[in-house]
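> Can you keep this structure in mind? I'll have questions shortly.
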Amino acid sequence: MLHVRAVSPAGLSARVVARLTADPGVANLVVQPGAAKRPDGDAISFDVHNGAANPVLRELRGFGLDEDGSITITQLDAALSAPDRRTRQRAGKDRRIGILRPESAPVWELVTSRIEAGAQYAPSFYVLLTLAGLIGAVGILTNSLVLIVGAMVVGPEYSAIIAVALGLARRDRHGAGAGAGALAAGFGLTIAATLAFGLVVRATGRTPVAFSHGVRPVADFIYSPDGFSVIVAVLAGIVGVVSLTEARASTLIGVFISVTTIPAAASIGISIAYALWDEAGGSALQLLLNVVVLVAVGYAGLVAQRRIWRRT
């Protein structure tokens, strides 16, 4: 259940309240005429079940409250009240529908707000991306799978990838362009940092013996993309977009571990530092492949889920 607070211009409040009163998914409706300031208007608050939230919020935006007033949404962890008769009737009907019950529908305003919250490309975004690349570079040089996995978890790049997908789904060129620019700049810094790191290790003679002799089993999957790389990227993209719409943060961590973006960027820098041009090219292809597939699957997943739930 969600708690919604809205500020409505006085001339619209009667229509807004009538709409909310008619919806069986709305409860605990409170109207305080003239109580709101900055913006000025009538304060309206109510609770709404998740299954009714999408059409209710869509109509509130249709009234223009997102521009002429305000709308804020809070997720409620618990509601200690018995449902009224209309809500009980609706719940009984919902149980007869099947697996896709309206109360389990994602609330798209919350989904987009989660994605937009992650699409803040502060200096820390680039710092974390670069540090993750350096961890991955050490993992490649030392053949440490633990460090490779750690680099995947630390990297924040999926927030930008899904932001690009959301921008494409909403036809928002600014949002998609900002995410793509952050990815290009972030991976560029990561490659430059790992290249410098590799040059320093090589110049100081600290290259691990196994790496020098071409024994790099951990790095093989990074610079050798194949059909399985596409399959894993597609599956990880599906898991990522579903976990975001369902607010399953623990599942989202699995996406970070599944994709090979950070290790591929680190491998590009290390391979260039050691003049391993074939491996650098394979790593670049791996990086491009994963980013493109994740964006495409994210876009398709967001669009498909909205259509499925809207029909339901």
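Each chain in the structure tokens gets a letter, A, B and so on, in the order shown; residues start at 1 in every chain, and ligands are counted from 1 in the order they appear.
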Please provide as a PyMOL selection string all residues within 12 Å of Ala296 in chain A, with the sequence filter that same-chain residues fewer than 3 positions apart are discarded (counting only C-alpha atoms).

chain A and resi 161-169+230+233-238+241+289-293+299-303

> May I have the residues within 12 Å of Leu2 in chain A as an mmCIF file with C-alpha atoms, in the first residue's frame, using only C-alpha atoms and disregarding those fewer than 3 positions away in the same chain?


```cif
data_model
loop_
_atom_site.group_PDB
_atom_site.id
_atom_site.type_symbol
_atom_site.label_atom_id
_atom_site.label_comp_id
_atom_site.auth_asym_id
_atom_site.auth_seq_id
_atom_site.Cartn_x
_atom_site.Cartn_y
_atom_site.Cartn_z
ATOM 1 C CA ARG A 5 0.074 13.431 -0.406
ATOM 2 C CA GLY A 25 -8.553 0.967 -4.050
ATOM 3 C CA VAL A 26 -8.349 4.342 -2.264
ATOM 4 C CA ALA A 27 -8.746 4.537 1.518
ATOM 5 C CA ASN A 28 -8.224 6.996 4.377
ATOM 6 C CA SER A 45 -3.838 12.731 1.444
ATOM 7 C CA PHE A 46 -4.919 9.135 0.987
ATOM 8 C CA ASP A 47 -3.752 5.534 0.944
ATOM 9 C CA VAL A 48 -3.987 3.464 -2.200
ATOM 10 C CA HIS A 49 -3.439 -0.217 -2.870
ATOM 11 C CA ASN A 50 -0.641 -1.010 -5.307
ATOM 12 C CA GLY A 51 -3.078 -2.538 -7.768
ATOM 13 C CA ALA A 52 -5.011 0.734 -8.042
ATOM 14 C CA ALA A 53 -2.010 3.061 -7.855
ATOM 15 C CA ASN A 54 -1.073 3.264 -11.539
ATOM 16 C CA VAL A 56 -4.960 6.777 -9.838
ATOM 17 C CA LEU A 57 -1.565 8.434 -10.174
ATOM 18 C CA THR A 72 4.548 12.809 -3.129
ATOM 19 C CA ILE A 73 4.451 9.048 -2.598
ATOM 20 C CA THR A 74 5.526 6.955 0.386
ATOM 21 C CA GLN A 75 5.654 3.153 0.536
ATOM 22 C CA LEU A 76 3.828 1.836 3.606
ATOM 23 C CA ASP A 77 5.288 -1.197 5.360
ATOM 24 C CA ALA A 78 2.109 -2.016 7.263
ATOM 25 C CA ALA A 79 -1.499 -0.831 7.575
ATOM 26 C CA GLU A 103 -2.171 -5.769 -6.236
ATOM 27 C CA PRO A 106 4.642 -2.479 -10.205
ATOM 28 C CA VAL A 107 3.946 1.178 -9.444
ATOM 29 C CA GLU A 109 6.234 6.175 -10.630
ATOM 30 C CA LEU A 110 8.278 4.312 -8.008
#
```

> Return the single residue from A:Asp172, A:Asp66, A:Glu59, A:Asp40 that is closest to Val16 in chain A, with distances computed using only C-alpha atoms.

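Smallest separation from Val16 in chain A among the options: A:Glu59.
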